[in-house]
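Visitor: Got coords.cif for you, mmCIF, C-alpha atoms:
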```
data_upload
#
loop_
_atom_site.group_PDB
_atom_site.id
_atom_site.type_symbol
_atom_site.label_atom_id
_atom_site.label_comp_id
_atom_site.auth_asym_id
_atom_site.auth_seq_id
_atom_site.Cartn_x
_atom_site.Cartn_y
_atom_site.Cartn_z
ATOM 1 C CA MET O 1 100.875 171.275 -17.340
ATOM 2 C CA VAL O 2 100.232 175.000 -17.733
ATOM 3 C CA GLU O 3 103.092 177.275 -18.735
ATOM 4 C CA THR O 4 103.745 180.188 -16.384
ATOM 5 C CA CYS O 5 102.289 183.404 -17.755
ATOM 6 C CA LYS O 6 104.581 186.143 -19.033
ATOM 7 C CA ALA O 7 104.456 189.591 -20.585
ATOM 8 C CA GLY O 8 102.653 189.377 -23.921
ATOM 9 C CA ASP O 9 100.196 186.698 -22.768
ATOM 10 C CA ARG O 10 96.474 187.389 -22.510
ATOM 11 C CA VAL O 11 94.706 187.388 -19.167
ATOM 12 C CA PRO O 12 92.943 183.995 -18.990
ATOM 13 C CA SER O 13 89.177 183.702 -19.219
ATOM 14 C CA VAL O 14 88.417 182.545 -15.676
ATOM 15 C CA ASP O 15 85.501 183.571 -13.488
ATOM 16 C CA LEU O 16 86.291 185.435 -10.288
ATOM 17 C CA TYR O 17 83.724 186.594 -7.737
ATOM 18 C CA GLU O 18 82.942 190.049 -6.358
ATOM 19 C CA ASP O 19 81.023 190.521 -3.084
ATOM 20 C CA ASN O 20 79.099 187.218 -3.265
ATOM 21 C CA PRO O 21 79.129 183.832 -5.051
ATOM 22 C CA THR O 22 76.486 184.882 -7.589
ATOM 23 C CA ASN O 23 78.382 187.921 -8.899
ATOM 24 C CA LYS O 24 80.802 186.447 -11.442
ATOM 25 C CA VAL O 25 83.437 188.649 -13.055
ATOM 26 C CA ASN O 26 85.363 187.174 -15.965
ATOM 27 C CA ALA O 27 89.054 188.013 -15.633
ATOM 28 C CA ALA O 28 89.557 188.339 -19.402
ATOM 29 C CA ASP O 29 86.702 190.850 -19.614
ATOM 30 C CA LEU O 30 88.055 193.040 -16.797
ATOM 31 C CA PHE O 31 90.599 194.789 -18.977
ATOM 32 C CA LYS O 32 88.944 194.826 -22.407
ATOM 33 C CA GLY O 33 89.705 198.251 -23.833
ATOM 34 C CA LYS O 34 91.280 199.316 -20.527
ATOM 35 C CA LYS O 35 94.662 199.736 -18.905
ATOM 36 C CA GLY O 36 94.805 198.341 -15.412
ATOM 37 C CA ILE O 37 96.715 196.729 -12.610
ATOM 38 C CA LEU O 38 95.981 193.310 -11.189
ATOM 39 C CA PHE O 39 97.770 192.224 -8.050
ATOM 40 C CA ALA O 40 97.395 188.995 -6.138
ATOM 41 C CA VAL O 41 98.111 187.985 -2.585
ATOM 42 C CA PRO O 42 98.290 184.614 -0.797
ATOM 43 C CA GLY O 43 95.446 185.494 1.557
ATOM 44 C CA ALA O 44 93.218 188.291 2.793
ATOM 45 C CA PHE O 45 93.962 189.651 6.261
ATOM 46 C CA THR O 46 97.445 188.084 6.268
ATOM 47 C CA PRO O 47 100.224 190.263 7.752
ATOM 48 C CA GLY O 48 102.119 190.927 4.528
ATOM 49 C CA CYS O 49 98.923 192.017 2.854
ATOM 50 C CA SER O 50 97.620 194.464 5.429
ATOM 51 C CA LYS O 51 99.853 195.051 8.488
ATOM 52 C CA SER O 52 101.139 198.585 7.851
ATOM 53 C CA PHE O 53 97.629 199.897 7.385
ATOM 54 C CA VAL O 54 96.653 198.494 10.769
ATOM 55 C CA HIS O 55 99.603 200.298 12.389
ATOM 56 C CA ARG O 56 98.603 203.521 10.631
ATOM 57 C CA ARG O 57 94.999 203.153 11.785
ATOM 58 C CA LEU O 58 96.085 202.470 15.370
ATOM 59 C CA LEU O 59 98.223 205.595 15.301
ATOM 60 C CA GLN O 60 95.319 207.593 13.882
ATOM 61 C CA GLU O 61 93.068 206.346 16.677
ATOM 62 C CA THR O 62 95.572 207.403 19.376
ATOM 63 C CA LEU O 63 95.955 211.006 18.194
ATOM 64 C CA PRO O 64 93.758 213.519 20.025
ATOM 65 C CA PRO O 65 90.808 214.933 18.045
ATOM 66 C CA ASN O 66 91.744 217.858 15.799
ATOM 67 C CA CYS O 67 95.435 217.350 16.505
ATOM 68 C CA PRO O 68 97.276 219.906 14.327
ATOM 69 C CA PHE O 69 99.973 217.352 13.571
ATOM 70 C CA ASP O 70 97.733 214.422 12.648
ATOM 71 C CA SER O 71 97.974 214.775 8.866
ATOM 72 C CA LEU O 72 101.719 215.400 9.043
ATOM 73 C CA VAL O 73 102.303 212.444 11.357
ATOM 74 C CA LEU O 74 100.078 210.130 9.334
ATOM 75 C CA SER O 75 101.700 211.164 6.059
ATOM 76 C CA GLN O 76 105.029 209.973 7.446
ATOM 77 C CA VAL O 77 103.704 206.490 8.239
ATOM 78 C CA SER O 78 104.624 204.086 5.478
ATOM 79 C CA VAL O 79 101.658 202.327 3.936
ATOM 80 C CA PHE O 80 103.571 201.101 0.925
ATOM 81 C CA GLN O 81 105.193 198.137 2.653
ATOM 82 C CA THR O 82 102.198 195.901 2.185
ATOM 83 C CA HIS O 83 100.004 195.088 -0.749
ATOM 84 C CA LEU O 84 96.426 196.221 -0.372
ATOM 85 C CA PRO O 85 97.073 199.359 1.711
ATOM 86 C CA GLY O 86 99.671 200.560 -0.784
ATOM 87 C CA TYR O 87 97.355 200.183 -3.751
ATOM 88 C CA VAL O 88 94.442 201.812 -1.898
ATOM 89 C CA THR O 89 96.637 204.758 -0.925
ATOM 90 C CA LYS O 90 98.121 205.158 -4.406
ATOM 91 C CA ALA O 91 94.883 204.524 -6.345
ATOM 92 C CA GLU O 92 94.288 208.154 -7.313
ATOM 93 C CA GLU O 93 97.922 208.652 -8.310
ATOM 94 C CA LEU O 94 97.846 205.499 -10.448
ATOM 95 C CA LYS O 95 94.552 206.518 -12.049
ATOM 96 C CA GLY O 96 96.126 209.890 -12.815
ATOM 97 C CA LYS O 97 98.737 207.969 -14.817
ATOM 98 C CA GLY O 98 96.098 206.315 -16.998
ATOM 99 C CA ILE O 99 95.213 203.258 -14.924
ATOM 100 C CA GLN O 100 91.478 202.637 -15.285
ATOM 101 C CA GLU O 101 91.061 199.526 -13.145
ATOM 102 C CA ILE O 102 92.930 198.270 -10.063
ATOM 103 C CA VAL O 103 92.078 194.712 -9.036
ATOM 104 C CA CYS O 104 93.134 192.619 -6.044
ATOM 105 C CA VAL O 105 92.743 188.835 -6.307
ATOM 106 C CA SER O 106 93.161 186.252 -3.571
ATOM 107 C CA VAL O 107 92.264 182.606 -3.030
ATOM 108 C CA ASN O 108 89.481 183.383 -0.584
ATOM 109 C CA ASP O 109 85.713 183.436 -0.758
ATOM 110 C CA PRO O 110 84.003 186.622 -1.993
ATOM 111 C CA PHE O 111 82.633 187.477 1.457
ATOM 112 C CA VAL O 112 86.137 187.530 2.942
ATOM 113 C CA MET O 113 87.449 189.652 0.070
ATOM 114 C CA SER O 114 84.569 192.093 0.453
ATOM 115 C CA ALA O 115 85.132 192.416 4.213
ATOM 116 C CA TRP O 116 88.871 192.878 3.718
ATOM 117 C CA GLY O 117 88.258 195.602 1.157
ATOM 118 C CA LYS O 118 85.859 197.402 3.500
ATOM 119 C CA GLU O 119 88.391 197.143 6.333
ATOM 120 C CA HIS O 120 90.930 198.993 4.186
ATOM 121 C CA GLY O 121 88.711 201.526 2.429
ATOM 122 C CA ALA O 122 89.131 199.903 -0.990
ATOM 123 C CA ASN O 123 85.629 200.763 -2.227
ATOM 124 C CA GLY O 124 85.878 202.813 -5.414
ATOM 125 C CA LYS O 125 89.659 202.405 -5.466
ATOM 126 C CA VAL O 126 90.503 198.705 -5.697
ATOM 127 C CA ARG O 127 88.137 195.938 -6.814
ATOM 128 C CA MET O 128 88.314 192.960 -4.469
ATOM 129 C CA LEU O 129 87.893 189.693 -6.381
ATOM 130 C CA ALA O 130 87.853 186.171 -5.003
ATOM 131 C CA ASP O 131 89.453 183.154 -6.673
ATOM 132 C CA PRO O 132 87.965 180.559 -4.292
ATOM 133 C CA SER O 133 89.229 177.422 -6.043
ATOM 134 C CA ALA O 134 92.536 178.968 -7.210
ATOM 135 C CA ALA O 135 91.396 178.508 -10.831
ATOM 136 C CA PHE O 136 92.801 181.893 -11.868
ATOM 137 C CA ALA O 137 96.106 181.323 -10.050
ATOM 138 C CA LYS O 138 96.410 177.902 -11.697
ATOM 139 C CA ALA O 139 95.543 179.257 -15.168
ATOM 140 C CA LEU O 140 98.478 181.669 -14.800
ATOM 141 C CA ASP O 141 100.655 178.971 -13.173
ATOM 142 C CA LEU O 142 101.146 181.356 -10.262
ATOM 143 C CA GLN O 143 99.869 179.084 -7.508
ATOM 144 C CA VAL O 144 101.795 178.005 -4.433
ATOM 145 C CA ASP O 145 100.985 175.284 -1.891
ATOM 146 C CA LEU O 146 100.854 176.834 1.585
ATOM 147 C CA PRO O 147 99.344 174.251 3.974
ATOM 148 C CA PRO O 148 99.326 176.647 6.969
ATOM 149 C CA LEU O 149 97.088 178.996 4.937
ATOM 150 C CA GLY O 150 94.738 176.275 3.755
ATOM 151 C CA GLY O 151 96.588 174.710 0.827
ATOM 152 C CA VAL O 152 96.851 176.076 -2.696
ATOM 153 C CA ARG O 153 97.055 179.862 -2.773
ATOM 154 C CA SER O 154 98.142 182.499 -5.234
ATOM 155 C CA LYS O 155 101.718 183.644 -5.351
ATOM 156 C CA ARG O 156 102.185 187.325 -4.607
ATOM 157 C CA TYR O 157 102.536 189.280 -7.849
ATOM 158 C CA SER O 158 101.424 192.348 -9.748
ATOM 159 C CA MET O 159 100.854 192.965 -13.429
ATOM 160 C CA VAL O 160 100.027 195.845 -15.722
ATOM 161 C CA VAL O 161 97.417 194.843 -18.298
ATOM 162 C CA GLU O 162 96.423 196.728 -21.452
ATOM 163 C CA ASP O 163 93.366 195.614 -23.388
ATOM 164 C CA GLY O 164 93.624 192.123 -21.901
ATOM 165 C CA VAL O 165 97.348 191.679 -22.599
ATOM 166 C CA ILE O 166 99.872 191.390 -19.764
ATOM 167 C CA LYS O 167 102.426 194.165 -20.345
ATOM 168 C CA THR O 168 104.563 193.676 -17.240
ATOM 169 C CA LEU O 169 104.569 190.945 -14.618
ATOM 170 C CA ASN O 170 106.288 191.195 -11.236
ATOM 171 C CA VAL O 171 106.298 187.907 -9.312
ATOM 172 C CA GLU O 172 107.855 187.837 -5.868
ATOM 173 C CA PRO O 173 110.947 185.593 -6.046
ATOM 174 C CA ASP O 174 109.745 183.324 -3.234
ATOM 175 C CA GLY O 175 106.077 183.741 -4.166
ATOM 176 C CA THR O 176 105.144 185.418 -0.896
ATOM 177 C CA GLY O 177 107.671 188.194 -0.173
ATOM 178 C CA LEU O 178 107.187 191.941 -0.431
ATOM 179 C CA SER O 179 109.619 193.491 -2.869
ATOM 180 C CA CYS O 180 108.820 193.823 -6.568
ATOM 181 C CA SER O 181 105.013 193.637 -6.553
ATOM 182 C CA LEU O 182 104.165 196.568 -4.280
ATOM 183 C CA ALA O 183 102.255 199.639 -5.445
ATOM 184 C CA ASP O 184 105.303 201.883 -5.352
ATOM 185 C CA LYS O 185 107.201 199.440 -7.610
ATOM 186 C CA ILE O 186 104.586 199.028 -10.362
ATOM 187 C CA PRO O 187 105.799 200.434 -13.697
ATOM 188 C CA VAL O 188 102.958 202.443 -15.255
#
```
Mind turning the file's structure into structure tokens?

Guide:
Amino acid sequence: MVETCKAGDRVPSVDLYEDNPTNKVNAADLFKGKKGILFAVPGAFTPGCSKSFVHRRLLQETLPPNCPFDSLVLSQVSVFQTHLPGYVTKAEELKGKGIQEIVCVSVNDPFVMSAWGKEHGANGKVRMLADPSAAFAKALDLQVDLPPLGGVRSKRYSMVVEDGVIKTLNVEPDGTGLSCSLADKIPV
């Protein structure tokens, strides 16, 4: 049995996948000599992972072209209530605080992760990595069995990593909620 990861542990050496099944990215290598954030979600395109962004986009699409209030209105729409949209929105701010790499991991295939990232404008802001067999989630002992979502998934969490060492770890108490692991809660 694997012990649940904690602050002070090293990120495990597990292959994740970016964009396609032939593009392996070793999790331990991601943060060598870097400070970064890794956050994980139970599944791409699930409501808790992307719903506020969809509402924001729908609002944006309903405003008339060149509406003088569009930026003001859109700035008042919360995008920090869900995982991926919050990190995409706050990417520049986080990088301004010394974060060099922001990574999203989910138990999905790399094609799904790539499409989800494109849907939310993650390119250049958040790397979208697939953990198709939940090997990374299991190596951290942060897996959860969710039969309605296809079985074993990752718990929802975020971590700050410096040079491969987990500095802080925020795991949602029930493994799927939206409280301590959001972008506006990450201690950098």

Visitor: So, counting all atoms listed in the file, which residue among O:Gly43, O:Glu18, O:Glu162, O:His83 is closest to Ala134 in chain O?

Guide: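 Distance minimum relative to Ala134 in chain O lands on O:Gly43.
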
Visitor: Record the distance separating CA of Leu146 in chain O and CA of Val161 in chain O, expressed in Å with one decimal.

Guide: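 Interatomic distance, CA of Leu146 in chain O to CA of Val161 in chain O: 27.0 Å.
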
Visitor: Skip Gly124 in chain O itself and residues of its chain fewer than 2 positions away, then list as a list of chain:residue names all residues within 10 Å of it, counting all atoms listed in the file.

Guide: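 Here the answer would be O:Val88, O:Ala91, O:Glu101, O:Ile102, O:Gly121, O:Ala122, O:Val126, O:Arg127.
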
Visitor: If you measure from CA of Leu30 in chain O to CA of Leu178 in chain O, what distance in Å do you get, rounded to one decimal?

Guide: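 Separation between CA of Leu30 in chain O and CA of Leu178 in chain O: 25.2 Å.
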
Visitor: Please compute the CA of Val11 in chain O-CA of Gln143 in chain O distance, one decimal, in Å.

Guide: 15.2 Å

Visitor: Could you list the residues chosen by the PyMOL selection byres ((chain O and resi 181) around 8) in this structure as a PyMOL selection string?

Guide: chain O and resi 39+83+156-158+170-172+178-180+182-183+185-186

Visitor: Name the residues that the PyMOL selection byres ((chain O and resi 188) around 8) pulls out of this structure, and write them as number ranges by chain.

Guide: O: 94, 97, 99, 160, 186-187

Visitor: Care to translate the PyMOL selection byres ((chain O and resi 150) around 12) into actual residues of this file, as a ChimeraX atom specification?

Guide: /O:42-43,107-108,132-134,144-149,151-154

Visitor: Just need the box for range 134-147 of chain O, edges along x, y and z, holding every atom the file lists for it with 8 Å tacked onto each side, so centre and edge lengths in Å to one decimal, as lines of an AutoDock Vina configuration file.

Guide:
```
center_x = 96.6
center_y = 178.1
center_z = -5.6
size_x = 26.4
size_y = 23.6
size_z = 35.1
```
